[in-house]
$ cat run-v8.cif   # mmCIF, C-alpha atoms and all ligand atoms
data_upload
#
loop_
_atom_site.label_atom_id
_atom_site.label_comp_id
_atom_site.auth_asym_id
_atom_site.auth_seq_id
_atom_site.Cartn_x
_atom_site.Cartn_y
_atom_site.Cartn_z
CA MET A 870 0.00 0.00 0.00
CA ARG A 871 1.31 3.42 -0.87
CA THR A 872 1.53 5.69 2.07
CA LEU A 873 0.04 9.13 1.88
CA ASP A 874 3.51 10.58 2.19
CA ASN A 875 4.82 8.81 -0.88
CA ALA A 876 1.78 9.70 -2.93
CA SER A 877 1.73 13.30 -1.85
CA PRO A 878 2.87 15.90 -4.37
CA CYS A 879 3.93 18.01 -1.35
CA ARG A 880 6.76 15.78 -0.19
CA ASP A 881 9.87 17.70 0.72
CA LEU A 882 12.07 19.40 -1.83
CA ILE A 883 15.59 17.99 -1.99
CA PHE A 884 18.46 20.14 -3.22
CA PHE A 885 22.11 19.60 -4.13
CA ASP A 886 24.29 22.69 -3.55
CA SER A 887 26.99 21.98 -6.14
CA HIS A 888 29.56 24.42 -4.75
CA CYS A 889 30.03 25.84 -1.28
CA HIS A 890 32.90 26.62 1.07
CA LEU A 891 31.84 25.21 4.38
CA ASN A 892 35.60 24.84 4.80
CA ASP A 893 35.96 28.65 4.92
CA GLU A 894 36.96 30.24 8.21
CA GLU A 895 33.60 32.09 8.13
CA PHE A 896 32.11 28.73 9.15
CA ALA A 897 34.85 27.79 11.62
CA THR A 898 32.61 28.01 14.68
CA ASP A 899 29.20 26.93 13.40
CA ALA A 900 29.55 24.54 10.44
CA ASP A 901 27.48 21.93 12.28
CA GLU A 902 24.59 24.36 12.79
CA VAL A 903 24.82 25.47 9.17
CA LEU A 904 24.52 21.83 8.11
CA VAL A 905 21.47 21.33 10.33
CA ARG A 906 19.81 24.41 8.81
CA ALA A 907 20.70 23.20 5.31
CA ARG A 908 19.10 19.80 5.92
CA ALA A 909 16.01 21.43 7.39
CA ALA A 910 15.74 23.44 4.15
CA GLY A 911 16.01 20.25 2.07
CA VAL A 912 19.66 20.66 1.08
CA GLU A 913 20.60 17.04 1.60
CA GLU A 914 23.69 17.07 -0.59
CA MET A 915 26.46 19.58 -1.14
CA LEU A 916 29.95 19.76 -2.56
CA VAL A 917 32.60 21.57 -0.52
CA ALA A 918 35.28 22.97 -2.83
CA GLY A 919 38.90 23.38 -1.78
CA TYR A 920 40.94 26.44 -2.70
CA ASP A 921 44.32 25.57 -1.20
CA LEU A 922 45.83 22.54 0.53
CA SER A 923 44.47 23.21 4.00
CA SER A 924 40.93 24.06 2.81
CA SER A 925 41.05 20.90 0.67
CA GLN A 926 41.93 18.87 3.76
CA GLN A 927 39.10 20.56 5.63
CA ALA A 928 36.70 19.71 2.76
CA MET A 929 37.76 16.07 3.04
CA LYS A 930 37.16 16.11 6.79
CA LEU A 931 33.65 17.58 6.37
CA ALA A 932 32.86 14.97 3.70
CA THR A 933 34.13 12.14 5.89
CA ASP A 934 32.15 13.33 8.91
CA HIS A 935 28.84 14.09 7.22
CA PRO A 936 26.77 11.95 4.85
CA GLY A 937 25.69 13.82 1.71
CA VAL A 938 28.73 16.11 1.86
CA TYR A 939 31.33 15.60 -0.89
CA ALA A 940 34.77 17.12 -1.28
CA ALA A 941 36.68 18.68 -4.14
CA VAL A 942 40.38 19.42 -3.75
CA GLY A 943 42.50 21.96 -5.57
CA VAL A 944 44.18 25.36 -5.48
CA HIS A 945 42.38 28.57 -6.50
CA PRO A 946 44.08 30.65 -9.22
CA HIS A 947 44.64 33.37 -6.59
CA ASP A 948 47.30 31.08 -5.12
CA ALA A 949 48.72 29.75 -8.38
CA LYS A 950 52.11 31.21 -7.49
CA THR A 951 52.31 28.81 -4.51
CA VAL A 952 51.74 25.68 -6.60
CA THR A 953 55.00 23.73 -6.73
CA PRO A 954 55.49 20.17 -8.00
CA ALA A 955 55.18 19.05 -4.37
CA VAL A 956 51.75 20.74 -4.10
CA LEU A 957 50.63 19.01 -7.29
CA ARG A 958 51.74 15.66 -5.88
CA GLU A 959 49.82 16.36 -2.67
CA VAL A 960 46.63 17.13 -4.62
CA GLU A 961 47.16 13.99 -6.69
CA LYS A 962 47.28 11.90 -3.52
CA MET A 963 44.09 13.51 -2.21
CA LEU A 964 42.29 12.63 -5.45
CA ASP A 965 42.61 8.94 -4.58
CA ARG A 966 40.39 9.33 -1.52
CA GLU A 967 36.85 8.07 -1.71
CA GLU A 968 35.20 11.26 -0.38
CA VAL A 969 36.92 13.37 -3.07
CA VAL A 970 34.67 13.56 -6.13
CA ALA A 971 36.37 16.33 -8.14
CA LEU A 972 39.47 18.46 -8.71
CA GLY A 973 38.74 22.09 -7.91
CA GLU A 974 38.42 24.82 -7.75
CA ILE A 975 41.00 25.61 -10.40
CA GLY A 976 41.09 28.11 -13.25
CA LEU A 977 41.93 31.72 -14.00
CA ASP A 978 41.13 34.96 -12.17
CA PHE A 979 42.17 38.08 -14.06
CA HIS A 980 40.00 40.35 -11.90
CA TYR A 981 42.27 40.36 -8.85
CA ASP A 982 45.47 39.09 -10.48
CA TYR A 983 46.77 37.88 -7.10
CA SER A 984 49.08 35.55 -9.04
CA PRO A 985 50.80 36.51 -12.31
CA ARG A 986 48.69 35.51 -15.30
CA GLU A 987 51.40 33.35 -16.83
CA ALA A 988 51.67 31.40 -13.56
CA GLN A 989 47.88 31.02 -13.41
CA LYS A 990 47.80 29.63 -16.94
CA ALA A 991 50.66 27.19 -16.36
CA VAL A 992 49.14 25.88 -13.12
CA PHE A 993 45.70 25.61 -14.75
CA ARG A 994 47.20 23.43 -17.51
CA SER A 995 48.99 21.25 -14.92
CA PHE A 996 45.77 20.68 -12.98
CA LEU A 997 43.82 19.84 -16.14
CA GLU A 998 46.51 17.32 -17.08
CA LEU A 999 46.21 15.85 -13.59
CA ALA A 1000 42.42 15.58 -13.96
CA LYS A 1001 42.91 13.72 -17.24
CA LYS A 1002 45.51 11.41 -15.70
CA LYS A 1003 43.30 10.60 -12.70
CA ASP A 1004 40.03 10.68 -14.69
CA LYS A 1005 38.38 13.13 -12.26
CA PRO A 1006 35.71 15.79 -12.89
CA VAL A 1007 36.98 19.40 -12.74
CA ILE A 1008 35.48 22.52 -11.15
CA ILE A 1009 36.45 25.63 -13.10
CA HIS A 1010 36.70 29.17 -11.71
CA ASP A 1011 36.78 31.76 -14.53
CA ARG A 1012 36.68 35.42 -13.59
CA GLU A 1013 37.26 37.95 -16.36
CA ALA A 1014 39.34 35.39 -18.24
CA HIS A 1015 36.68 33.74 -20.40
CA GLY A 1016 38.61 33.61 -23.67
CA GLU A 1017 41.82 32.35 -22.05
CA THR A 1018 39.94 29.79 -19.95
CA LEU A 1019 38.16 28.40 -23.00
CA ALA A 1020 41.39 28.35 -25.05
CA ILE A 1021 43.26 26.33 -22.42
CA LEU A 1022 40.34 23.92 -21.94
CA GLU A 1023 40.13 23.38 -25.71
CA GLU A 1024 43.89 22.95 -25.97
CA VAL A 1025 44.06 20.27 -23.24
CA ALA A 1026 40.93 18.56 -24.56
CA ALA A 1027 42.45 18.41 -28.05
CA LEU A 1028 45.72 16.97 -26.70
CA HIS A 1029 43.86 14.10 -25.09
CA GLY A 1030 41.01 13.70 -27.53
CA GLY A 1031 37.58 14.25 -26.06
CA GLY A 1032 36.32 16.88 -23.68
CA PHE A 1033 35.86 17.13 -19.93
CA CYS A 1034 33.61 15.95 -17.22
CA GLY A 1035 33.11 18.96 -14.99
CA VAL A 1036 31.42 22.23 -14.21
CA MET A 1037 31.84 25.89 -15.08
CA HIS A 1038 31.26 27.14 -11.54
CA CYS A 1039 29.37 30.44 -11.09
CA TYR A 1040 29.17 30.88 -14.87
CA ALA A 1041 29.99 34.45 -15.85
CA ALA A 1042 30.91 34.18 -19.52
CA SER A 1043 28.51 35.32 -22.23
CA PRO A 1044 25.49 33.50 -23.65
CA GLU A 1045 27.42 33.47 -26.94
CA MET A 1046 30.26 31.41 -25.41
CA LEU A 1047 27.90 28.87 -23.90
CA PRO A 1048 27.88 26.41 -26.84
CA ALA A 1049 31.68 26.12 -26.69
CA PHE A 1050 31.66 25.12 -23.01
CA LEU A 1051 28.74 22.74 -23.56
CA THR A 1052 30.52 21.14 -26.51
CA LEU A 1053 33.53 20.46 -24.26
CA GLY A 1054 31.14 18.52 -22.01
CA PHE A 1055 30.75 21.02 -19.18
CA TYR A 1056 27.83 21.48 -16.87
CA ILE A 1057 26.92 25.12 -16.21
CA SER A 1058 26.41 26.23 -12.62
CA VAL A 1059 24.62 29.38 -11.48
CA ALA A 1060 24.71 31.04 -8.07
CA GLY A 1061 23.20 34.02 -6.22
CA PRO A 1062 23.94 36.61 -8.94
CA LEU A 1063 21.08 35.06 -10.95
CA THR A 1064 18.72 36.54 -8.36
CA PHE A 1065 20.18 40.06 -8.49
CA LYS A 1066 18.05 42.79 -10.07
CA ASN A 1067 20.87 44.14 -12.23
CA THR A 1068 21.72 40.85 -13.92
CA LYS A 1069 20.85 40.90 -17.60
CA ARG A 1070 22.69 38.09 -19.29
CA LEU A 1071 22.51 35.32 -16.67
CA PRO A 1072 18.76 34.73 -17.16
CA GLU A 1073 19.48 34.42 -20.87
CA VAL A 1074 22.23 31.90 -20.12
CA VAL A 1075 19.86 29.85 -17.96
CA SER A 1076 17.20 29.86 -20.67
CA LEU A 1077 19.77 28.49 -23.13
CA VAL A 1078 21.34 25.74 -20.98
CA PRO A 1079 19.89 22.29 -21.75
CA GLU A 1080 17.90 20.93 -18.82
CA ASP A 1081 20.37 18.09 -18.27
CA ARG A 1082 23.37 20.43 -17.97
CA LEU A 1083 22.40 22.99 -15.33
CA LEU A 1084 23.62 22.95 -11.71
CA ILE A 1085 22.77 25.31 -8.87
CA GLU A 1086 25.11 26.46 -6.12
CA THR A 1087 25.58 29.00 -3.36
CA ASP A 1088 29.38 29.52 -3.40
CA SER A 1089 28.71 30.34 0.26
CA PRO A 1090 29.88 32.26 2.26
CA TYR A 1091 29.96 34.53 -0.81
CA LEU A 1092 27.32 35.73 -3.30
CA THR A 1093 24.27 35.67 -1.03
CA PRO A 1094 21.09 35.59 -3.17
CA CYS A 1095 18.19 38.00 -2.91
CA PRO A 1096 16.37 38.56 -0.58
CA TYR A 1097 19.18 37.76 1.89
CA ARG A 1098 21.91 40.01 0.47
CA GLY A 1099 24.11 41.52 3.15
CA ARG A 1100 24.12 38.35 5.25
CA ARG A 1101 26.65 35.56 5.13
CA ASN A 1102 25.56 33.04 2.51
CA GLU A 1103 24.78 29.44 3.50
CA PRO A 1104 23.83 26.28 1.58
CA MET A 1105 20.19 26.59 2.72
CA TYR A 1106 19.81 29.63 0.45
CA VAL A 1107 20.35 27.55 -2.70
CA LYS A 1108 16.57 27.38 -2.83
CA GLU A 1109 16.49 31.05 -3.94
CA VAL A 1110 18.64 30.20 -6.95
CA ALA A 1111 16.33 27.27 -7.77
CA ARG A 1112 13.30 29.53 -7.45
CA ARG A 1113 14.71 31.94 -10.05
CA VAL A 1114 15.63 29.08 -12.42
CA ALA A 1115 12.05 27.82 -12.10
CA GLU A 1116 10.72 31.23 -13.13
CA ILE A 1117 13.00 31.38 -16.16
CA TRP A 1118 12.29 27.81 -17.23
CA GLY A 1119 8.56 28.04 -16.54
CA LYS A 1120 8.72 24.98 -14.29
CA ASN A 1121 7.98 24.44 -10.64
CA ILE A 1122 10.76 24.53 -8.07
CA ARG A 1123 10.34 20.81 -7.36
CA GLU A 1124 11.27 19.91 -10.93
CA VAL A 1125 14.25 22.26 -10.83
CA ALA A 1126 15.43 20.75 -7.53
CA GLU A 1127 15.17 17.24 -8.90
CA VAL A 1128 16.73 17.93 -12.28
CA THR A 1129 19.69 19.89 -10.88
CA ARG A 1130 20.28 17.31 -8.18
CA ASN A 1131 20.35 14.49 -10.73
CA ASN A 1132 22.69 16.57 -12.88
CA ALA A 1133 25.09 17.16 -9.98
CA ARG A 1134 25.13 13.47 -9.12
CA ARG A 1135 25.87 12.60 -12.75
CA CYS A 1136 28.55 15.32 -13.05
CA PHE A 1137 30.38 14.19 -9.90
CA ARG A 1138 29.70 10.47 -10.57
CA ILE A 1139 27.96 9.90 -7.28
CA ASN A 1140 26.46 6.35 -7.14
NI NI A 1201 34.13 28.87 -4.91
#

$ encode --input "run-v8.cif" --output "structure tokens"
Amino acid sequence: MRTLDNASPCRDLIFFDSHCHLNDEEFATDADEVLVRARAAGVEEMLVAGYDLSSSQQAMKLATDHPGVYAAVGVHPHDAKTVTPAVLREVEKMLDREEVVALGEIGLDFHYDYSPREAQKAVFRSFLELAKKKDKPVIIHDREAHGETLAILEEVAALHGGGFCGVMHCYAASPEMLPAFLTLGFYISVAGPLTFKNTKRLPEVVSLVPEDRLLIETDSPYLTPCPYRGRRNEPMYVKEVARRVAEIWGKNIREVAEVTRNNARRCFRIN
């Protein structure tokens, strides 16, 4: 006999926050409470992305301690100048661990230029080679470096034949560039900026992404969505991103939650 609960169209929404930084020091004192609030809001799964060696270790610890939490390990382009062969070897070792589902976040950031651009590009190539060697999904950070990011991805893909499994995190390139990233095999992830009033091109991007290629994320503690701007971001607010996607797609939030969760599980090869 089917229970009322199973038959009910009102059963709880379940979300997958495809990119957050619960490993950030902003969450040093209350990560457990943040996780409880996330679960209460239906965020049963989340990926914690590393941005240097210690945050990658912290991501692994969170993933080991909490079911439904997965880790990615890598070094952010801000710190590209610190990436030595020894650091690459350390990341390679981490990739063998069961709780680590992806290499990231890696990429290029020409907005802050905290590391010289040539160093960023060289390290980005090294990490992409490592992802190919270890057959791991990649999480790409691209800020104001869209053309260079795409060129390096295409170059490494061509060297190895075939594209990538992975995600363009917090997509900020143009709608026009979208087909190139999709052709390489990437999923496209959107965060809080989709909910901002002044965003013009992101809704267009979302309307163009095939249903089976979109992910949602918070990138918390950053990029808090409307109507919570000004507060620290948390995984529970991923629902606001889903709500906006639902409006753009003309679907209900339940379908968006389910589709994006399935996409994240496929992207990160979970189960
Ligand atoms: Ni991030």

$ residues_near_ligand --input "run-v8.cif" --ligand "ligand NI 1201 (chain A)" --cutoff "7 Å" --atoms "only C-alpha atoms and all ligand atoms" --output "ChimeraX atom specification"
/A:888-890,918,974,1088

$ atom_distance --input "run-v8.cif" --atom1 "CA of Ala971 (chain A)" --atom2 "CA of Leu997 (chain A)"
11.5 Å

$ residues_around --input "run-v8.cif" --residues "Thr1087 (chain A)" --least-positions-apart "5" --cutoff "12 Å" --atoms "all atoms listed in the file" --output "PyMOL selection string"
chain A and resi 884-891+907+912+915-918+1038-1039+1058-1064+1092-1095+1101-1111

$ atom_distance --input "run-v8.cif" --atom1 "CA of Ile1085 (chain A)" --atom2 "CA of Asp899 (chain A)"
23.2 Å

$ closest_residue --input "run-v8.cif" --among "A:Val1078, A:Val1007, A:Leu957, A:Ala1014" --to "His980 (chain A)" --atoms "only C-alpha atoms"
A:Ala1014

$ atom_distance --input "run-v8.cif" --atom1 "CA of Val938 (chain A)" --atom2 "CA of Asp965 (chain A)"
16.9 Å

$ closest_residue --input "run-v8.cif" --among "A:Ile975, A:Ala949, A:Ile1021, A:Val1128" --to "Gln989 (chain A)" --atoms "only C-alpha atoms"
A:Ala949

$ closest_residue --input "run-v8.cif" --among "A:Thr1052, A:Ser995, A:Ser1089, A:Gln926" --to "Arg958 (chain A)" --atoms "all atoms listed in the file"
A:Ser995

$ residues_around --input "run-v8.cif" --residues "Arg1082 (chain A)" --least-positions-apart "6" --cutoff "10 Å" --atoms "only C-alpha atoms" --output "list in words"
Val1036, Leu1051, Gly1054, Phe1055, Tyr1056, Ile1057, Ser1058, Val1128, Thr1129, Asn1131, Asn1132, Ala1133, Arg1135 and Cys1136 of chain A

$ residues_around --input "run-v8.cif" --residues "Asp982 (chain A)" --least-positions-apart "4" --cutoff "8 Å" --atoms "all atoms listed in the file" --output "PDB file with C-alpha atoms, keeping the file's coordinate frame"
ATOM      1  CA  HIS A 947      44.640  33.370  -6.590  1.00  0.00           C
ATOM      2  CA  ASP A 978      41.130  34.960 -12.170  1.00  0.00           C
ATOM      3  CA  ARG A 986      48.690  35.510 -15.300  1.00  0.00           C
TER       4      ARG A 986
END

$ residues_around --input "run-v8.cif" --residues "Val942 (chain A)" --least-positions-apart "3" --cutoff "6 Å" --atoms "all atoms listed in the file" --output "JSON, numbers by chain"
{"A": [919, 925, 972, 973]}

$ residues_around --input "run-v8.cif" --residues "Gly1031 (chain A)" --least-positions-apart "3" --cutoff "12 Å" --atoms "all atoms listed in the file" --output "PyMOL selection string"
chain A and resi 1001+1022-1028+1034+1052-1055

$ residues_near_point --input "run-v8.cif" --point "(22.2, 31.2, -21.6)" --cutoff "12 Å" --atoms "all atoms listed in the file" --output "PyMOL selection string"
chain A and resi 1040-1051+1057-1059+1063+1069-1080+1082-1083+1114+1117-1118

$ closest_residue --input "run-v8.cif" --among "A:Arg908, A:Ile883, A:Glu967, A:Pro985" --to "Ala932 (chain A)" --atoms "all atoms listed in the file"
A:Glu967

$ closest_residue --input "run-v8.cif" --among "A:Glu968, A:Glu1013, A:Glu987, A:Glu1127" --to "Ala940 (chain A)" --atoms "all atoms listed in the file"
A:Glu968
